[in-house]
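S.K.: Here you go, this is entry.cif (mmCIF, C-alpha atoms).
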data_protein
#
loop_
_atom_site.label_atom_id
_atom_site.label_comp_id
_atom_site.auth_asym_id
_atom_site.auth_seq_id
_atom_site.Cartn_x
_atom_site.Cartn_y
_atom_site.Cartn_z
CA MET V 1 5.47 51.21 -16.43
CA ILE V 2 8.79 50.01 -17.88
CA ASN V 3 11.63 52.47 -18.36
CA VAL V 4 13.24 52.16 -21.81
CA TYR V 5 16.50 53.94 -22.58
CA ILE V 6 17.36 54.07 -26.29
CA LEU V 7 21.03 54.69 -27.07
CA CYS V 8 21.80 56.14 -30.50
CA GLY V 9 24.53 57.74 -32.59
CA GLY V 10 28.08 56.71 -31.77
CA PRO V 11 31.45 57.19 -33.43
CA SER V 12 31.11 54.58 -36.19
CA SER V 13 30.48 55.15 -39.90
CA GLU V 14 26.86 54.08 -39.23
CA HIS V 15 26.13 57.02 -36.92
CA ASP V 16 23.32 58.45 -39.06
CA ILE V 17 21.66 55.07 -39.64
CA SER V 18 21.66 54.58 -35.86
CA LEU V 19 19.73 57.84 -35.45
CA ARG V 20 17.18 56.66 -38.00
CA SER V 21 16.78 53.33 -36.20
CA ALA V 22 16.39 54.99 -32.80
CA LEU V 23 13.78 57.42 -34.06
CA ASN V 24 11.74 54.61 -35.60
CA ILE V 25 11.97 52.56 -32.40
CA SER V 26 10.86 55.52 -30.27
CA LYS V 27 7.90 56.16 -32.56
CA ASN V 28 6.70 52.56 -32.30
CA LEU V 29 7.11 51.83 -28.60
CA ASN V 30 3.76 51.67 -26.84
CA GLU V 31 3.65 54.72 -24.56
CA GLU V 32 1.01 53.05 -22.39
CA LYS V 33 3.62 50.43 -21.47
CA TYR V 34 6.89 52.31 -21.62
CA LYS V 35 8.44 55.51 -20.32
CA ILE V 36 10.82 56.37 -23.17
CA LYS V 37 14.16 58.12 -22.80
CA LEU V 38 16.82 58.63 -25.47
CA VAL V 39 20.55 59.14 -25.04
CA TYR V 40 22.60 60.54 -27.92
CA ILE V 41 26.24 59.41 -28.26
CA ASN V 42 28.34 61.83 -30.27
CA LYS V 43 31.06 60.93 -32.78
CA GLU V 44 33.69 61.14 -30.04
CA GLY V 45 31.79 58.61 -27.91
CA ALA V 46 30.46 61.03 -25.27
CA TYR V 47 26.91 60.61 -23.94
CA SER V 48 24.22 63.28 -23.79
CA GLU V 49 21.84 63.64 -20.88
CA ALA V 50 18.79 61.42 -21.24
CA PHE V 51 15.89 63.19 -22.93
CA ASP V 52 12.24 62.44 -23.63
CA LYS V 53 10.89 61.09 -26.90
CA ILE V 54 10.70 63.80 -29.59
CA ASP V 55 7.75 64.27 -31.93
CA THR V 56 9.68 64.61 -35.20
CA ASP V 57 10.33 62.92 -38.53
CA ASN V 58 13.91 64.19 -38.69
CA GLU V 59 16.39 61.79 -37.09
CA PHE V 60 18.94 64.59 -36.72
CA ASP V 61 16.67 66.18 -34.09
CA LEU V 62 18.07 63.43 -31.84
CA VAL V 63 21.53 65.01 -32.05
CA LYS V 64 22.22 66.81 -28.77
CA GLU V 65 25.07 68.94 -27.55
CA VAL V 66 27.29 67.05 -25.11
CA LYS V 67 28.83 69.44 -22.62
CA GLU V 68 30.92 66.95 -20.64
CA ASN V 69 33.96 64.94 -21.70
CA LYS V 70 33.54 61.25 -22.51
CA THR V 71 34.43 59.92 -19.07
CA LYS V 72 32.23 62.37 -17.17
CA SER V 73 29.33 61.92 -19.60
CA ILE V 74 29.37 58.13 -19.24
CA ALA V 75 29.57 58.50 -15.46
CA ASP V 76 26.53 60.79 -15.59
CA PHE V 77 24.65 58.23 -17.71
CA LEU V 78 25.43 55.46 -15.22
CA THR V 79 24.34 57.70 -12.35
CA CYS V 80 21.05 58.32 -14.17
CA LEU V 81 20.50 54.57 -14.60
CA SER V 82 21.41 53.88 -10.96
CA LYS V 83 18.33 55.82 -9.85
CA GLU V 84 15.99 53.46 -11.73
CA ASP V 85 14.40 50.22 -10.57
CA TYR V 86 16.42 47.65 -12.55
CA SER V 87 13.54 45.18 -12.53
CA LYS V 88 11.56 47.71 -14.60
CA THR V 89 14.35 49.22 -16.74
CA ILE V 90 15.83 48.07 -20.03
CA VAL V 91 18.25 49.54 -22.56
CA ILE V 92 17.90 49.39 -26.34
CA PRO V 93 21.48 49.84 -27.63
CA ALA V 94 20.53 51.03 -31.13
CA VAL V 95 24.14 51.86 -31.98
CA HIS V 96 25.31 50.14 -35.16
CA GLY V 97 28.86 49.21 -35.99
CA THR V 98 31.97 49.98 -33.99
CA TYR V 99 31.41 50.87 -30.32
CA GLY V 100 27.85 49.57 -30.26
CA GLU V 101 27.50 46.39 -32.27
CA ASP V 102 30.97 45.15 -31.32
CA GLY V 103 30.05 44.33 -27.72
CA THR V 104 31.52 47.36 -25.96
CA ILE V 105 28.19 48.87 -24.87
CA GLN V 106 26.91 45.40 -23.98
CA ALA V 107 29.94 44.87 -21.76
CA LEU V 108 29.28 48.17 -19.96
CA LEU V 109 25.65 47.20 -19.38
CA ASP V 110 26.68 43.72 -18.18
CA VAL V 111 29.07 45.26 -15.65
CA ILE V 112 26.33 47.37 -14.08
CA GLY V 113 23.83 44.51 -14.33
CA ILE V 114 21.02 46.10 -16.33
CA ALA V 115 18.79 44.43 -18.93
CA TYR V 116 19.13 45.19 -22.64
CA ILE V 117 17.76 43.76 -25.85
CA GLY V 118 19.81 41.80 -28.34
CA ASN V 119 23.12 39.99 -28.28
CA GLY V 120 25.63 40.01 -25.45
CA LEU V 121 29.32 40.86 -25.43
CA LEU V 122 30.77 37.68 -26.92
CA SER V 123 28.41 37.09 -29.85
CA SER V 124 28.43 40.81 -30.68
CA ALA V 125 32.24 40.88 -30.78
CA ILE V 126 32.46 37.66 -32.80
CA CYS V 127 30.00 38.76 -35.47
CA MET V 128 31.37 42.30 -35.72
CA ASP V 129 34.81 40.93 -36.59
CA LYS V 130 34.29 39.15 -39.91
CA VAL V 131 37.65 37.36 -39.72
CA THR V 132 36.65 35.78 -36.39
CA SER V 133 33.17 34.83 -37.56
CA ASN V 134 34.59 33.40 -40.80
CA ASP V 135 36.95 31.23 -38.76
CA ILE V 136 34.01 30.01 -36.68
CA PHE V 137 31.91 29.29 -39.78
CA GLU V 138 34.84 27.30 -41.18
CA LYS V 139 35.23 25.34 -37.93
CA ASN V 140 31.51 24.49 -38.08
CA LYS V 141 31.74 23.42 -41.73
CA LEU V 142 29.38 26.14 -42.95
CA SER V 143 29.94 26.91 -46.64
CA GLN V 144 31.33 30.38 -47.30
CA ALA V 145 33.56 32.30 -49.70
CA LYS V 146 37.26 31.44 -49.74
CA TYR V 147 39.12 34.09 -47.75
CA LEU V 148 42.46 35.42 -46.58
CA TYR V 149 43.23 38.24 -44.17
CA THR V 150 46.09 40.24 -42.76
CA ASN V 151 46.87 43.38 -40.79
CA LYS V 152 48.33 46.67 -41.99
CA ASP V 153 51.92 45.48 -41.71
CA GLY V 154 51.15 42.32 -43.67
CA PHE V 155 49.22 44.00 -46.46
CA ASP V 156 51.73 44.26 -49.27
CA SER V 157 52.44 43.14 -52.81
CA ASP V 158 53.24 39.58 -51.73
CA PHE V 159 49.92 39.27 -49.88
CA ALA V 160 48.06 40.58 -52.94
CA ASP V 161 49.81 37.98 -55.10
CA ARG V 162 48.84 35.26 -52.63
CA CYS V 163 45.16 36.32 -52.71
CA ILE V 164 45.10 36.25 -56.50
CA GLU V 165 46.86 32.88 -56.64
CA GLU V 166 44.90 31.11 -53.89
CA ILE V 167 41.44 32.65 -54.36
CA GLY V 168 41.42 34.10 -57.88
CA LEU V 169 39.97 37.26 -59.39
CA PRO V 170 37.60 39.04 -59.02
CA LEU V 171 37.80 39.58 -55.26
CA ILE V 172 35.89 41.42 -52.54
CA VAL V 173 38.03 43.49 -50.17
CA LYS V 174 36.59 44.74 -46.87
CA PRO V 175 37.49 45.90 -43.37
CA SER V 176 37.23 43.01 -40.92
CA ALA V 177 35.06 45.05 -38.54
CA ASN V 178 32.70 47.59 -40.07
CA GLY V 179 29.13 47.79 -41.28
CA SER V 180 26.78 48.90 -44.06
CA SER V 181 29.35 47.84 -46.69
CA VAL V 182 31.48 50.90 -45.87
CA GLY V 183 35.04 50.42 -47.12
CA VAL V 184 34.08 47.40 -49.25
CA SER V 185 35.34 47.11 -52.84
CA LYS V 186 35.22 44.69 -55.73
CA VAL V 187 38.58 44.37 -57.50
CA THR V 188 39.60 42.79 -60.78
CA ASN V 189 43.40 43.23 -60.75
CA LYS V 190 46.34 43.60 -58.40
CA ASN V 191 46.53 47.40 -58.48
CA GLU V 192 42.85 47.66 -57.57
CA LEU V 193 43.41 45.13 -54.79
CA LEU V 194 46.23 47.18 -53.28
CA ALA V 195 44.18 50.38 -53.43
CA ALA V 196 41.09 48.65 -51.97
CA GLY V 197 43.15 47.22 -49.13
CA ASP V 198 44.42 50.68 -48.22
CA GLU V 199 40.83 51.95 -48.23
CA ALA V 200 39.60 49.08 -46.03
CA LEU V 201 42.41 49.68 -43.54
CA LYS V 202 41.07 53.18 -42.93
CA TYR V 203 38.16 51.54 -41.09
CA ASP V 204 39.81 48.63 -39.28
CA LYS V 205 43.21 47.18 -38.41
CA LYS V 206 42.56 44.00 -40.41
CA VAL V 207 41.71 43.65 -44.08
CA LEU V 208 39.67 40.67 -45.32
CA VAL V 209 39.89 39.46 -48.92
CA GLU V 210 37.16 37.11 -50.11
CA GLU V 211 36.09 35.21 -53.18
CA LEU V 212 33.26 36.88 -55.10
CA ILE V 213 30.26 34.56 -54.81
CA GLU V 214 28.11 34.92 -57.89
CA GLY V 215 24.45 34.73 -57.01
CA GLN V 216 21.80 36.48 -54.93
CA GLU V 217 22.35 37.73 -51.39
CA ILE V 218 19.33 37.03 -49.19
CA GLU V 219 18.64 38.18 -45.61
CA PHE V 220 16.85 36.47 -42.73
CA ALA V 221 15.62 37.69 -39.36
CA VAL V 222 16.39 35.33 -36.49
CA VAL V 223 14.82 35.76 -33.04
CA GLY V 224 15.38 33.80 -29.85
CA TYR V 225 17.97 31.77 -28.00
CA MET V 226 17.11 28.07 -27.69
CA ASN V 227 15.69 26.83 -31.01
CA PRO V 228 15.39 30.36 -32.48
CA ASP V 229 12.74 31.39 -34.99
CA VAL V 230 13.93 32.04 -38.56
CA SER V 231 11.93 34.19 -40.96
CA GLU V 232 11.41 33.90 -44.67
CA PRO V 233 14.12 35.72 -46.65
CA ALA V 234 14.18 39.17 -48.19
CA ALA V 235 16.52 40.47 -50.86
CA TYR V 236 17.69 43.56 -52.68
CA ILE V 237 17.70 43.02 -56.42
CA SER V 238 20.46 45.24 -57.77
CA ASP V 239 22.35 45.81 -60.99
CA HIS V 240 25.49 46.34 -58.86
CA THR V 241 27.95 43.46 -58.87
CA PHE V 242 27.65 43.31 -55.10
CA LEU V 243 25.50 45.09 -52.53
CA ASP V 244 27.76 48.03 -51.70
CA TYR V 245 26.83 51.14 -49.67
CA ASP V 246 25.53 52.99 -52.73
CA ALA V 247 23.40 50.04 -53.82
CA LYS V 248 21.90 49.71 -50.34
CA TYR V 249 21.06 53.33 -49.62
CA PHE V 250 21.15 55.49 -52.76
CA SER V 251 20.76 53.54 -56.02
CA LYS V 252 17.34 54.03 -57.61
CA SER V 253 17.84 50.82 -59.58
CA THR V 254 17.95 48.67 -56.42
CA LYS V 255 14.62 46.93 -55.84
CA GLU V 256 13.58 45.09 -52.72
CA THR V 257 11.79 41.76 -52.61
CA LEU V 258 10.04 40.81 -49.39
CA PRO V 259 9.58 37.98 -49.07
CA TYR V 260 12.08 36.54 -51.52
CA ILE V 261 10.37 33.40 -52.78
CA LEU V 262 12.10 30.03 -52.48
CA GLU V 263 10.59 26.63 -53.10
CA LYS V 264 9.49 24.99 -49.84
CA GLU V 265 12.35 22.47 -49.70
CA LYS V 266 14.95 25.12 -50.52
CA LEU V 267 13.46 27.52 -47.96
CA GLU V 268 13.67 24.90 -45.21
CA GLU V 269 17.27 24.16 -46.20
CA ALA V 270 18.12 27.88 -46.05
CA GLN V 271 16.44 28.39 -42.68
CA GLU V 272 18.32 25.45 -41.16
CA PHE V 273 21.61 26.78 -42.61
CA VAL V 274 20.89 30.24 -41.16
CA LYS V 275 20.05 28.76 -37.74
CA ARG V 276 23.35 26.83 -37.70
CA ALA V 277 25.30 30.03 -38.43
CA TYR V 278 23.42 31.97 -35.72
CA GLU V 279 24.00 29.28 -33.12
CA ALA V 280 27.64 28.72 -34.10
CA CYS V 281 28.42 32.32 -33.16
CA GLY V 282 26.51 32.07 -29.87
CA CYS V 283 23.87 34.59 -30.91
CA GLU V 284 20.93 35.34 -28.64
CA GLY V 285 18.06 37.79 -28.68
CA PHE V 286 17.99 38.49 -32.40
CA ALA V 287 20.11 39.06 -35.47
CA ARG V 288 19.95 39.42 -39.22
CA VAL V 289 21.80 36.65 -41.03
CA ASP V 290 22.90 37.32 -44.61
CA ILE V 291 23.70 34.44 -46.94
CA PHE V 292 24.24 33.94 -50.66
CA LEU V 293 22.24 31.68 -52.90
CA GLY V 294 24.97 30.90 -55.42
CA LYS V 295 24.48 30.31 -59.10
CA ASP V 296 25.35 26.70 -58.27
CA ASN V 297 22.14 26.64 -56.12
CA ASN V 298 24.15 26.21 -52.91
CA PHE V 299 24.03 28.46 -49.85
CA TYR V 300 27.05 30.38 -48.53
CA VAL V 301 27.06 32.33 -45.27
CA ASN V 302 28.11 35.96 -45.63
CA GLU V 303 27.73 37.70 -42.26
CA ILE V 304 25.63 38.15 -39.14
CA ASN V 305 24.43 41.58 -38.00
CA THR V 306 23.80 41.47 -34.25
CA PHE V 307 21.97 44.81 -34.18
CA PRO V 308 20.62 45.27 -37.71
CA GLY V 309 18.93 48.41 -38.93
CA PHE V 310 15.57 49.24 -37.33
CA THR V 311 14.75 52.01 -39.81
CA PRO V 312 11.36 52.04 -41.58
CA SER V 313 13.02 50.60 -44.70
CA SER V 314 15.16 47.98 -42.91
CA PHE V 315 14.38 44.36 -43.66
CA PHE V 316 14.82 43.00 -40.12
CA ALA V 317 11.74 44.49 -38.47
CA ARG V 318 9.54 43.88 -41.50
CA LEU V 319 10.65 40.24 -41.67
CA CYS V 320 9.73 39.88 -37.99
CA GLU V 321 6.32 41.44 -38.61
CA LEU V 322 5.76 38.92 -41.40
CA MET V 323 7.08 35.96 -39.37
CA TYR V 324 4.90 36.66 -36.32
CA ASN V 325 2.02 38.45 -38.07
CA GLU V 326 2.56 41.35 -35.65
CA SER V 327 3.01 45.10 -35.82
CA PHE V 328 6.46 46.62 -35.28
CA SER V 329 5.25 47.78 -31.87
CA GLU V 330 4.40 44.18 -30.95
CA VAL V 331 7.77 42.98 -32.27
CA LEU V 332 9.47 45.49 -29.94
CA ASP V 333 7.36 44.14 -27.05
CA ARG V 334 8.65 40.66 -27.91
CA LEU V 335 12.31 41.75 -27.99
CA ILE V 336 11.96 43.64 -24.70
CA LYS V 337 10.34 40.61 -23.05
CA ASP V 338 13.23 38.44 -24.29
CA GLY V 339 15.77 40.95 -22.94
CA PHE V 340 14.24 40.84 -19.46
CA GLU V 341 14.05 37.04 -19.50
CA ARG V 342 17.75 36.69 -20.34
CA TRP V 343 18.62 39.31 -17.71
CA GLN V 344 16.74 37.32 -15.07
CA ARG V 345 18.65 34.15 -16.03
#
So, in terms of structure tokens, how does the structure I just supplied come out?

M.R.:
Amino acid sequence: MINVYILCGGPSSEHDISLRSALNISKNLNEEKYKIKLVYINKEGAYSEAFDKIDTDNEFDLVKEVKENKTKSIADFLTCLSKEDYSKTIVIPAVHGTYGEDGTIQALLDVIGIAYIGNGLLSSAICMDKVTSNDIFEKNKLSQAKYLYTNKDGFDSDFADRCIEEIGLPLIVKPSANGSSVGVSKVTNKNELLAAGDEALKYDKKVLVEELIEGQEIEFAVVGYMNPDVSEPAAYISDHTFLDYDAKYFSKSTKETLPYILEKEKLEEAQEFVKRAYEACGCEGFARVDIFLGKDNNFYVNEINTFPGFTPSSFFARLCELMYNESFSEVLDRLIKDGFERWQR
């Protein structure tokens, strides 16, 4: 029997989505193979005691009171793990965004030497920080939107003028490190740009300003390390100018297409482009890679999510099911097997 610890929650803006992902994972793990424990991380970053899988459809039932301070709670979590046989124990760090997807939890798990699924410290940190990943895409000659960035001190009227002059309106303004399109705005003039920059800086210390790519955003699941597997694409068809938080999670006009059909030659071109982006950032385990199919019929890389949503409606798991012709439970078996294999290396 393999011990699986699912971490969920966390202090990022994606706290609630993390709970939804963790609940769906716990429901689909094969209980004949795995002894399932969950650990809730509150919005201050403190860990709950590990608890057994809950029979519920409400993700907020995973929210637990944390009686200890952050330091003591993490120490208690590590003490709990230390009692396990590491050859039969793995962690699923289902914490999206800051504190989970940025490599911090992965670093903690690396230090204590325990297996986990998904990307390691470096690739997680690179992909979480969009400025860093954009620089890497540029170095690897991967087509992407024109971009400029600065920190809070550098975000002023002169920087706004430079963005308008060098990139042109309209523009997309976003925090460098955040997820689920939180803090992201489309702007059409300088005043909107200044306001959007202030909003983005609420979520991160750097603000990223990008060219608006006109076209369709499409998403791919990628699994593996050496010569990774790349799925067919999926897409949200939306009447929003770009796929913002409302379009993703609340708009009734947003329709999903899975798979998103491309002609064979174009699909192969897209999959090779996606693989290059994944490998350029040193990804391993799995990720969701989002690209644009521009109106000019060219591909542009947007971002890589190193721990994408695992909710019932999330594209990643469903794309994996389609790619491997497997159930979600079998996909989780595959990701756990990969996590152990990389741990052993």

S.K.: Determine the residue membership of the PyMOL selection byres ((chain V and resi 148) around 8) for the file above and supply it as a list in words.

M.R.: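 Expected selection for the PyMOL selection byres ((chain V and resi 148) around 8) here is Lys146, Tyr147, Tyr149, Thr150, Cys163, Leu208, Val209 and Glu210 of chain V.
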
S.K.: If we count only C-alpha atoms and set the cut-off at 12 Å, which residues sit around V:His15, ignoring sequence neighbours fewer than 5 positions away in its own chain? Please answer as a list in words.

M.R.: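 Final neighbour list, sorted by chain and number: Leu7, Cys8, Gly9, Gly10, Arg20, Ser21, Ala22, Tyr40, Ile41, Asn42, Lys43, Glu44, Gly45, Glu59, Phe60, Leu62, Val63, Ala94, Val95, His96, Gly97, Thr98, Tyr99, Gly100, Glu101, Asn178, Gly179, Ser180 and Gly309 of chain V.
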
S.K.: Residues near V:Ala115, anyone? I mean within 6 Å using only C-alpha atoms, not counting same-chain ones fewer than 5 positions away, as number ranges by chain.

M.R.: V: 90, 340, 343

S.K.: Applying the PyMOL selection byres ((chain V and resi 134) around 12) to the file I just gave you, which residues come out? Please list them as a VMD selection string.

M.R.: chain V and resid 126 to 133 135 to 149 176 to 177 208 to 210 277 280 to 281 300 to 304

S.K.: For stretch 230-237 of chain V, what centre and edge lengths in Å (one decimal) does the axis-aligned box get once 8 Å is added on each side of all its listed atoms, as AutoDock Vina command-line options?

M.R.:
--center_x 14.6 --center_y 37.8 --center_z -47.5 --size_x 22.3 --size_y 27.5 --size_z 33.9

S.K.: Taking the file as I've supplied it (selection: the PyMOL selection byres ((chain V and resi 286) around 8)), which residues are included? Please answer as a ChimeraX atom specification.

M.R.: /V:118-119,221-224,283-285,287-288,306-307,335

S.K.: How many Å separate atom CA of V:Ile291 from atom CA of V:Asp204?

M.R.: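 We find that atom CA of V:Ile291 and atom CA of V:Asp204 lie 22.8 Å from each other.
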
S.K.: Which one is closest to V:Glu214: V:Lys152, V:Arg276, V:Lys202, V:Lys295? Count all atoms listed in the file.

M.R.: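 That would be V:Lys295, the residue with the smallest distance to V:Glu214.
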
S.K.: Would you work out the distance separating atom CA of V:Glu265 from atom CA of V:Ala317, expressed in Å to one decimal?

M.R.: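 Spanning atom CA of V:Glu265 to atom CA of V:Ala317 is a straight-line distance of 24.7 Å.
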
S.K.: Which is closer to V:Leu322 than all the others in V:Pro233, V:Pro93, V:Gly339, V:Pro228, using all atoms listed in the file?

M.R.: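 Result for the nearest residue to V:Leu322: V:Pro233.
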
S.K.: Taking 5 positions as the minimum chain separation for residues in the same chain, which residues sit within 9 Å of V:Asn69 when counting all atoms listed in the file? Answer as a list in words.

M.R.: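 Near neighbours after the sequence-gap exclusion: Ala46, Tyr47 and Ile74 of chain V.
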
S.K.: Could you check the closest approach to V:Arg345 for each of V:Val4, V:Asp156, V:Leu38, V:Gly113 and tell me which residue wins, using only C-alpha atoms?

M.R.: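 The answer is V:Gly113, which sits nearest to V:Arg345.
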
S.K.: So, with only C-alpha atoms as the atoms that count, which of V:Phe315, V:Tyr278, V:Phe273, V:Tyr203 lies closest to V:Pro11?

M.R.: V:Tyr203

S.K.: Between atom CA of V:Asp55 and atom CA of V:Asn24, what is the distance in Å, rounded to a tenth?

M.R.: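 Between atom CA of V:Asp55 and atom CA of V:Asn24 the gap is 11.1 Å.
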
S.K.: For each of V:Asp290, V:Glu268, V:Glu217, V:Asp229, take the minimum atom-to-atom distance to V:Pro308, counting only C-alpha atoms, then give the residue where this is smallest.

M.R.: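 For V:Pro308, the nearest of the candidates is V:Asp290.
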
S.K.: Looking at V:Leu23, V:Val331, V:Ala200, V:Ile2, which one is nearest to V:Arg318, with distances taken over all atoms listed in the file?

M.R.: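 Counting all atoms listed in the file, the residue closest to V:Arg318 is V:Val331.
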
S.K.: Which residues are close to V:Glu199, i.e. within 9 Å by all atoms listed in the file, leaving aside same-chain residues fewer than 4 positions away? Reply as JSON, numbers by chain.

M.R.: {"V": [174, 175, 183, 184, 185, 194, 195, 203]}

S.K.: With 10 Å as the threshold, what does the neighbourhood of (8.8, 50.0, -10.4) contain in terms of residues, counting only C-alpha atoms? Coordinates are those of the file; answer as a list in words.

M.R.: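 Collected hits near the coordinates: Met1, Ile2, Asn3, Glu84, Asp85, Tyr86, Ser87, Lys88 and Thr89 of chain V.
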
S.K.: May I have the residues within 12 Å of V:Leu262 as a PyMOL selection string, using only C-alpha atoms and disregarding those fewer than 5 positions away in the same chain?

M.R.: chain V and resi 216+218+232-235+257+267-271+293+297
